[in-house]
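Peer 1: Sending over a structure as structure tokens; questions will come in a sec.
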Amino acid sequence: MAWTTPLPKDAVLGDTGHPDLHNQVKANIEELRTAVDAIPAPTAAPTADTLSGATAVGKSVLKAANAGDARTAIGAGTSNLALGTTASTAMAGNTSIPSIPAALSAADAQAGTATAGRLITAKVLADEIDRRVAAAIAAIPAG
């Protein structure tokens with residue numbers, strides 16, 4: 001790559017009264033010209049295919065004409081997982097998921113009148129069993 005800017009002529013620099021400065025400026029420009037001339041001219045512009053270190057998938061994404069082609073390049077949307085209700089299928093996004101029932105309180109366990117399904121903790125269950133066993137023992141007539 002050649003530098004074609006001409007060196008300044010004496011008339012451009014003028015008579016500064018400092019011939020060493022004039023000669024130094026010309027020498028510096030010559031040095032820069034030599035350095036620029038040593039830089040190789042660029043070859044063809046890089047393309048996705050000429051990028052070193054890029055994977056085939058990366059190159060395909062770079063070359064994709066649109067978002068759909070880019071998704072195809074990375075394998076997005078190509079799953080063969082079927083919708084269904086088994087362990088090997090996926091649940092549809094519009095599936096209604098039941099809510100978790102409320103917990104059964106100790107008072108509700110003691111009353112024994114709750115008819116809706118409820119969750120019960122081991123503590124509430126054990127306490128209610130202990131309470132009923134104690135009540136049953138207490139109800140046994142002495143003697």
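Ordered as shown in the structure tokens, chains take letters A, B, and onward, while each chain numbers its residues from 1 and ligands are numbered from 1 in the order shown.
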Could you write out, as a list in words, all the residues of chain A that DSSP marks as strand (DSSP E or B)?

Peer 2: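 Written out, the strand (DSSP E or B) residues of chain A are Leu83, Ala90, Ala103 and Leu119 of chain A.
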
Peer 1: Restrict the selected residues to N, CA and C atoms and save them as a PDB file, in the first residue's frame.

Peer 2:
ATOM      1  N   LEU A  83     -46.905 -33.091  22.583  1.00  0.00           N
ATOM      2  CA  LEU A  83     -47.744 -32.691  23.706  1.00  0.00           C
ATOM      3  C   LEU A  83     -48.536 -33.898  24.173  1.00  0.00           C
ATOM      4  N   ALA A  90     -44.790 -33.390  26.623  1.00  0.00           N
ATOM      5  CA  ALA A  90     -44.837 -32.077  27.263  1.00  0.00           C
ATOM      6  C   ALA A  90     -46.287 -31.656  27.479  1.00  0.00           C
ATOM      7  N   ALA A 103     -54.218 -25.599  53.708  1.00  0.00           N
ATOM      8  CA  ALA A 103     -53.827 -26.504  54.797  1.00  0.00           C
ATOM      9  C   ALA A 103     -54.980 -26.640  55.798  1.00  0.00           C
ATOM     10  N   LEU A 119     -54.754 -30.056  52.671  1.00  0.00           N
ATOM     11  CA  LEU A 119     -53.452 -30.601  53.044  1.00  0.00           C
ATOM     12  C   LEU A 119     -53.376 -30.626  54.555  1.00  0.00           C
TER      13      LEU A 119
END

Peer 1: Residues near region 50-58 of chain A, anyone? I mean within 7 Å using only C-alpha atoms, not counting same-chain ones fewer than 4 positions away, as a list in words.

Peer 2: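 What passes the distance filter is Pro46, Leu62, Ala73 and Ile74 of chain A.
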
Peer 1: What is the distance between CA of Ala122 (chain A) and CA of Pro98 (chain A), in Å to one decimal?

Peer 2: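 We find that CA of Ala122 (chain A) and CA of Pro98 (chain A) lie 22.9 Å from each other.
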
Peer 1: Do a neighbour search on Leu81 (chain A) at 12 Å with only C-alpha atoms, toss out local chain neighbours closer than 5 positions, and write the hits as a list of chain:residue names.

Peer 2: A:Thr86, A:Ala87, A:Ser88, A:Thr89, A:Ala90, A:Met91, A:Ala92

Peer 1: Generate a file of the selected residues that holds C-alpha atoms, formatted as a short mmCIF file (atom, residue, chain, number, x, y, z; two decimals), in the first residue's frame.

Peer 2:
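Okay, this is what ended up in part.cif:
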data_model
loop_
_atom_site.label_atom_id
_atom_site.label_comp_id
_atom_site.auth_asym_id
_atom_site.auth_seq_id
_atom_site.Cartn_x
_atom_site.Cartn_y
_atom_site.Cartn_z
CA THR A 86 -47.22 -38.94 29.91
CA ALA A 87 -43.70 -38.75 31.31
CA SER A 88 -42.24 -38.57 27.79
CA THR A 89 -44.51 -35.78 26.52
CA ALA A 90 -44.84 -32.08 27.26
CA MET A 91 -47.84 -30.43 28.83
CA ALA A 92 -49.65 -27.98 26.57
#

Peer 1: What parts of chain A does DSSP call alpha helix (DSSP H)? I'd like the answer as a ChimeraX atom specification.

Peer 2: /A:10-13,19-38,56-63,67-74,106-111,122-138

Peer 1: Would you compute the distance between CA of Ala106 (chain A) and CA of Glu128 (chain A)? Give it in Å to one decimal.

Peer 2: 7.3 Å
